[in-house]
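Content type compact mmCIF, C-alpha atoms, from the file final14.txt:
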# COMPACT_ATOMS: atom_id res chain seq x y z
CA MET A 1 -37.77 -10.31 56.34
CA LYS A 2 -40.49 -8.69 54.34
CA ILE A 3 -43.03 -6.78 56.32
CA GLN A 4 -46.48 -6.78 54.85
CA GLY A 5 -49.39 -4.62 55.70
CA ASN A 6 -50.19 -0.99 55.45
CA ASN A 7 -47.36 1.42 55.03
CA PRO A 8 -47.91 3.95 57.80
CA PHE A 9 -46.44 6.76 55.72
CA ILE A 10 -49.06 6.54 53.00
CA PRO A 11 -52.38 7.90 54.16
CA LEU A 12 -55.28 5.49 53.85
CA GLN A 13 -57.69 6.17 51.04
CA TRP A 14 -60.82 4.11 51.27
CA GLN A 15 -63.48 6.12 49.70
CA LYS A 16 -63.82 9.05 47.43
CA VAL A 17 -64.55 12.23 49.28
CA GLN A 18 -67.96 13.47 48.28
CA PRO A 19 -67.87 16.82 46.57
CA VAL A 20 -69.09 19.41 49.03
CA GLU A 21 -69.71 22.17 46.53
CA GLN A 22 -73.11 20.93 45.42
CA SER A 23 -74.63 20.77 48.86
CA ARG A 24 -73.11 24.08 49.77
CA GLN A 25 -75.04 25.79 47.03
CA THR A 26 -78.40 24.22 47.68
CA GLU A 27 -78.73 24.24 51.43
CA GLY A 28 -77.47 26.60 54.03
CA PHE A 29 -76.52 26.13 57.64
CA ALA A 30 -80.09 26.56 58.84
CA ALA A 31 -81.38 23.76 56.64
CA ALA A 32 -78.56 21.46 57.68
CA LEU A 33 -79.23 22.24 61.34
CA LYS A 34 -82.92 21.63 60.84
CA SER A 35 -82.41 18.23 59.26
CA ALA A 36 -79.93 17.28 61.99
CA LEU A 37 -82.43 18.29 64.63
CA GLU A 38 -85.09 16.23 62.92
CA ASP A 39 -82.76 13.23 62.99
CA VAL A 40 -82.17 13.73 66.70
CA ASN A 41 -85.88 14.04 67.29
CA LYS A 42 -86.49 10.84 65.35
CA LEU A 43 -83.96 9.03 67.55
CA GLN A 44 -85.69 10.34 70.66
CA LEU A 45 -89.04 9.11 69.40
CA GLN A 46 -87.55 5.73 68.54
CA ALA A 47 -86.12 5.43 72.05
CA ASP A 48 -89.48 6.43 73.47
CA ASP A 49 -91.26 3.78 71.40
CA ALA A 50 -88.74 1.12 72.38
CA ALA A 51 -89.12 1.93 76.08
CA LYS A 52 -92.88 1.85 75.74
CA GLN A 53 -92.76 -1.55 74.07
CA LEU A 54 -90.45 -2.85 76.77
CA ALA A 55 -92.88 -1.66 79.43
CA MET A 56 -95.74 -3.41 77.64
CA GLY A 57 -93.73 -6.59 77.36
CA GLN A 58 -93.63 -6.51 73.57
CA ALA A 59 -89.96 -5.73 73.14
CA GLU A 60 -88.06 -8.34 71.17
CA ASP A 61 -84.66 -7.61 72.74
CA ILE A 62 -83.64 -5.63 75.76
CA HIS A 63 -80.36 -4.61 74.17
CA GLN A 64 -82.18 -2.95 71.28
CA VAL A 65 -84.09 -0.79 73.74
CA MET A 66 -80.86 0.09 75.54
CA ILE A 67 -79.10 0.92 72.27
CA ALA A 68 -81.99 3.08 71.10
CA VAL A 69 -81.94 4.99 74.39
CA GLU A 70 -78.16 5.32 74.25
CA GLN A 71 -78.23 6.60 70.66
CA ALA A 72 -80.85 9.16 71.57
CA LYS A 73 -78.74 10.27 74.51
CA LEU A 74 -75.58 10.62 72.43
CA ALA A 75 -77.39 12.48 69.67
CA MET A 76 -78.80 14.81 72.29
CA GLN A 77 -75.35 15.48 73.70
CA LEU A 78 -74.08 16.25 70.20
CA THR A 79 -76.97 18.67 69.72
CA VAL A 80 -76.19 20.40 73.00
CA GLN A 81 -72.56 20.76 71.95
CA ILE A 82 -73.57 22.28 68.61
CA ARG A 83 -75.92 24.64 70.43
CA ASN A 84 -73.14 25.67 72.79
CA LYS A 85 -70.92 26.47 69.84
CA VAL A 86 -73.62 28.49 68.11
CA VAL A 87 -74.36 30.48 71.27
CA GLU A 88 -70.64 31.04 71.78
CA ALA A 89 -70.32 32.41 68.25
CA TYR A 90 -73.35 34.63 68.73
CA GLN A 91 -71.97 36.04 71.99
CA GLU A 92 -68.63 36.64 70.32
CA VAL A 93 -70.38 38.74 67.66
CA SER A 94 -72.58 40.58 70.15
CA ARG A 95 -69.57 41.59 72.21
CA MET A 96 -67.99 43.17 69.19
CA GLN A 97 -67.32 46.92 69.62
CA ILE A 98 -68.40 49.10 66.77
CA MET B 1 -77.42 7.59 61.07
CA GLN B 2 -73.93 6.95 59.85
CA ILE B 3 -72.26 7.81 63.16
CA PHE B 4 -74.02 4.98 64.94
CA LYS B 5 -72.81 2.35 62.46
CA ALA B 6 -70.63 0.53 64.98
CA MET B 7 -73.53 0.45 67.41
CA GLN B 8 -75.84 -1.06 64.82
CA ILE B 9 -73.25 -3.71 63.94
CA SER B 10 -72.84 -4.60 67.60
CA SER B 11 -76.59 -4.69 67.95
CA SER B 12 -76.84 -7.30 65.20
CA GLY B 13 -74.18 -9.34 67.01
CA LEU B 14 -76.14 -9.12 70.24
CA THR B 15 -79.32 -10.25 68.51
CA ALA B 16 -77.51 -13.17 66.89
CA GLU B 17 -75.97 -14.34 70.16
CA ARG B 18 -79.26 -14.03 71.96
CA PHE B 19 -80.86 -16.16 69.27
CA ARG B 20 -78.10 -18.73 69.71
CA LEU B 21 -78.80 -18.79 73.43
CA ASP B 22 -82.49 -19.37 72.66
CA LEU B 23 -81.55 -22.42 70.60
CA ILE B 24 -79.25 -23.72 73.33
CA ALA B 25 -81.98 -23.26 75.92
CA ASN B 26 -84.36 -25.19 73.70
CA ASN B 27 -81.78 -27.96 73.22
CA ILE B 28 -81.25 -28.33 76.95
CA ALA B 29 -84.97 -28.15 77.70
CA ASN B 30 -85.61 -30.92 75.18
CA ALA B 31 -82.65 -33.06 76.15
CA ASN B 32 -85.05 -35.86 77.10
CA SER B 33 -87.92 -35.30 74.67
CA THR B 34 -88.64 -38.53 72.83
CA ARG B 35 -91.53 -37.17 70.79
CA THR B 36 -91.71 -34.31 68.30
CA GLU B 37 -94.27 -33.14 65.78
CA GLU B 38 -92.28 -34.68 62.92
CA GLY B 39 -92.05 -37.92 64.85
CA GLY B 40 -89.00 -39.46 66.45
CA PRO B 41 -86.90 -37.93 69.19
CA PHE B 42 -85.89 -34.27 69.33
CA ARG B 43 -82.85 -33.31 67.29
CA ARG B 44 -80.26 -30.81 68.44
CA ARG B 45 -80.49 -27.47 66.62
CA SER B 46 -77.76 -24.97 65.99
CA ALA B 47 -77.64 -21.62 64.24
CA VAL B 48 -75.64 -20.78 61.13
CA PHE B 49 -74.45 -17.20 61.05
CA ALA B 50 -73.50 -15.20 57.97
CA GLU B 51 -71.98 -11.79 57.49
CA LYS B 52 -74.33 -9.08 56.34
CA MET B 53 -72.54 -7.38 53.48
CA ASP B 54 -72.82 -3.88 52.22
CA ALA B 55 -71.76 -3.69 48.59
CA ALA B 56 -71.22 0.04 48.43
CA ARG B 57 -68.74 0.30 51.29
CA ARG B 58 -66.19 -2.37 51.83
CA ASN B 59 -67.22 -3.21 55.35
CA GLY B 60 -69.89 -5.58 56.53
CA GLN B 61 -73.05 -4.52 58.27
CA GLY B 62 -72.93 -7.04 61.04
CA VAL B 63 -74.14 -10.58 61.35
CA ARG B 64 -77.40 -12.28 60.58
CA VAL B 65 -78.80 -15.69 61.29
CA MET B 66 -78.59 -17.53 57.99
CA SER B 67 -80.46 -20.68 58.96
CA VAL B 68 -81.13 -23.11 61.76
CA SER B 69 -79.64 -26.52 61.09
CA GLU B 70 -80.59 -29.79 62.70
CA ASP B 71 -77.94 -32.12 63.97
CA ARG B 72 -78.22 -35.31 61.91
CA THR B 73 -76.18 -37.55 64.18
CA PRO B 74 -78.10 -40.68 65.25
CA PRO B 75 -80.10 -40.56 68.49
CA ARG B 76 -78.83 -41.98 71.75
CA LEU B 77 -80.29 -45.47 72.34
CA VAL B 78 -81.04 -46.38 75.95
CA TYR B 79 -82.36 -49.73 77.08
CA GLU B 80 -85.61 -48.95 78.86
CA PRO B 81 -88.30 -51.55 78.06
CA GLY B 82 -90.96 -49.94 80.25
CA HIS B 83 -90.85 -46.63 78.33
CA PRO B 84 -93.90 -46.01 76.07
CA ASP B 85 -91.61 -45.08 73.17
CA ALA B 86 -89.42 -48.17 73.42
CA ASN B 87 -88.96 -50.18 70.23
CA ALA B 88 -89.43 -53.94 69.89
CA ALA B 89 -85.97 -54.64 71.35
CA GLY B 90 -86.71 -52.43 74.37
CA TYR B 91 -84.50 -49.48 73.32
CA VAL B 92 -85.67 -45.87 73.51
CA ALA B 93 -84.25 -43.28 71.10
CA PHE B 94 -83.30 -40.23 73.15
CA PRO B 95 -82.32 -36.88 71.57
CA ASN B 96 -78.76 -36.45 70.31
CA VAL B 97 -78.29 -33.54 72.71
CA ASN B 98 -75.11 -33.62 74.73
CA VAL B 99 -75.76 -31.40 77.73
CA ILE B 100 -72.05 -30.83 78.36
CA GLN B 101 -71.56 -29.60 74.82
CA GLU B 102 -74.58 -27.34 75.21
CA MET B 103 -73.08 -25.86 78.38
CA VAL B 104 -69.85 -25.09 76.54
CA ASP B 105 -71.82 -23.50 73.69
CA MET B 106 -73.73 -21.50 76.26
CA ILE B 107 -70.53 -20.10 77.75
CA THR B 108 -69.32 -19.23 74.24
CA ALA B 109 -72.58 -17.43 73.47
CA THR B 110 -72.47 -15.52 76.75
CA ARG B 111 -68.88 -14.43 76.22
CA ALA B 112 -69.56 -13.43 72.62
CA TYR B 113 -72.49 -11.34 73.86
CA GLU B 114 -70.20 -9.67 76.39
CA ALA B 115 -67.64 -8.98 73.67
CA ASN B 116 -70.30 -7.25 71.60
CA VAL B 117 -71.34 -5.15 74.57
CA THR B 118 -67.70 -4.16 75.06
CA THR B 119 -67.45 -3.08 71.42
CA LEU B 120 -70.60 -1.06 71.84
CA ASN B 121 -69.25 0.68 74.91
CA ALA B 122 -66.00 1.41 73.08
CA ALA B 123 -67.96 3.01 70.23
CA LYS B 124 -69.86 5.06 72.77
CA SER B 125 -66.76 6.27 74.57
CA MET B 126 -65.16 7.19 71.23
CA PHE B 127 -68.21 9.26 70.42
CA LEU B 128 -68.09 10.96 73.82
CA LYS B 129 -64.38 11.65 73.37
CA ALA B 130 -65.14 13.30 70.04
CA LEU B 131 -67.56 15.62 71.82
CA GLU B 132 -64.70 16.74 74.02
CA ILE B 133 -62.79 18.17 71.06
CA GLY B 134 -62.24 21.84 71.59
CA ARG B 135 -63.30 21.84 75.21
CA GLY B 136 -61.00 23.17 77.85
As structure tokens - that is how I would like this structure written.
Amino acid sequence: MKIQGNNPFIPLQWQKVQPVEQSRQTEGFAAALKSALEDVNKLQLQADDAAKQLAMGQAEDIHQVMIAVEQAKLAMQLTVQIRNKVVEAYQEVSRMQI
Amino acid sequence: MQIFKAMQISSSGLTAERFRLDLIANNIANANSTRTEEGGPFRRRSAVFAEKMDAARRNGQGVRVMSVSEDRTPPRLVYEPGHPDANAAGYVAFPNVNVIQEMVDMITATRAYEANVTTLNAAKSMFLKALEIGRG
């Protein structure tokens, strides 16, 4: 019997990995954090708009409102996690004995 | 955002199924309509779905409603001479809507909607699991 399908011992390769070097040179961590925060903020505003439209009876679909709110919530949780990590790193450095 | 891809795909599925339910509701509501704007009895409508493709990546982007097609099967003829829309022989052309079939379609649409919600919740719990990496 011939078994078809993916060979589990060969790692999947579906897309070329984007070269990181370029972005590393042009933007630092602060810029990346800023753009991520802007994305999160945009999601929050979208969720806000969707909820407002639902309240005014103009929303096309309830599920779109729910998804927008859920996305905003998840993005917020991710932001909080990143913040926790940053604070942790900062505290680690500040505890350093010189 | 790329991380919410699965959610957006599920969202398109939810929208499509909701649209299908709209059509089914309209079919059932007009199951006895003998007059339409185009003339003749109402004709059953159904949605044609198509995959939304993304050329760059090899996965689709969800589903979209391609078109709304009208059922071309002949209308149901009922002998009812007193009806204002009866023809010379006394038969009235009623819509080709089979309410039982519409009920079955309705169950299918509801279940498909639920399946999409389940996918969405799975995507959400995967995301939340990822946030637990490195904790504890």
Select from chain A every residue with an atom at most 9 Å from any atom of chain B, then for each give the shortest pair of atoms and their distance in Å to one decimal, using only C-alpha atoms, rows by chain and rising number, as a tab-separated table.
residue	atom	partner	partner_atom	distance
A:Trp14	CA	B:Arg58	CA	8.4
A:Gln15	CA	B:Arg57	CA	8.0
A:Asp39	CA	B:Met1	CA	8.0
A:Asp61	CA	B:Thr15	CA	7.3
A:His63	CA	B:Ser11	CA	7.3
A:Gln64	CA	B:Ser11	CA	6.7
A:Ile67	CA	B:Met7	CA	7.4
A:Glu70	CA	B:Lys124	CA	8.4
A:Gln71	CA	B:Phe4	CA	7.3
A:Leu74	CA	B:Leu128	CA	7.6
A:Gln77	CA	B:Leu131	CA	8.0
A:Leu78	CA	B:Leu131	CA	6.7
A:Gln81	CA	B:Leu131	CA	7.2
Looking at A:Lys85, A:Lys42, A:Lys52, A:Arg95, which one is nearest to Ala72 in chain A, with distances taken over only C-alpha atoms? A:Lys42
Provide the CA of Val68 in chain B to CA of Phe49 in chain B distance in Å, to one decimal place. 8.9 Å
Mind pulling up the distance from CA of Arg43 in chain B to CA of Asn27 in chain B? 8.1 Å
If you count all atoms listed in the file, which residues fall within 8 Å of Val65 in chain A, apart from same-chain ones fewer than 2 positions away, as an MDAnalysis selection string? chainID A and resid 47 50:51 54 59 61:63 67:69
Would you mind exporting C-alpha atoms of the selected residues as a PDB file, in the frame of the given file?
ATOM      1  CA  ALA A  47     -86.120   5.430  72.050  1.00  0.00           C
ATOM      2  CA  ALA A  50     -88.740   1.120  72.380  1.00  0.00           C
ATOM      3  CA  ALA A  51     -89.120   1.930  76.080  1.00  0.00           C
ATOM      4  CA  LEU A  54     -90.450  -2.850  76.770  1.00  0.00           C
ATOM      5  CA  ALA A  59     -89.960  -5.730  73.140  1.00  0.00           C
ATOM      6  CA  ASP A  61     -84.660  -7.610  72.740  1.00  0.00           C
ATOM      7  CA  ILE A  62     -83.640  -5.630  75.760  1.00  0.00           C
ATOM      8  CA  HIS A  63     -80.360  -4.610  74.170  1.00  0.00           C
ATOM      9  CA  ILE A  67     -79.100   0.920  72.270  1.00  0.00           C
ATOM     10  CA  ALA A  68     -81.990   3.080  71.100  1.00  0.00           C
ATOM     11  CA  VAL A  69     -81.940   4.990  74.390  1.00  0.00           C
TER      12      VAL A  69
END
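Counting from CA of Thr108 in chain B, the distance to CA of Ala25 in chain B is 13.4 Å.
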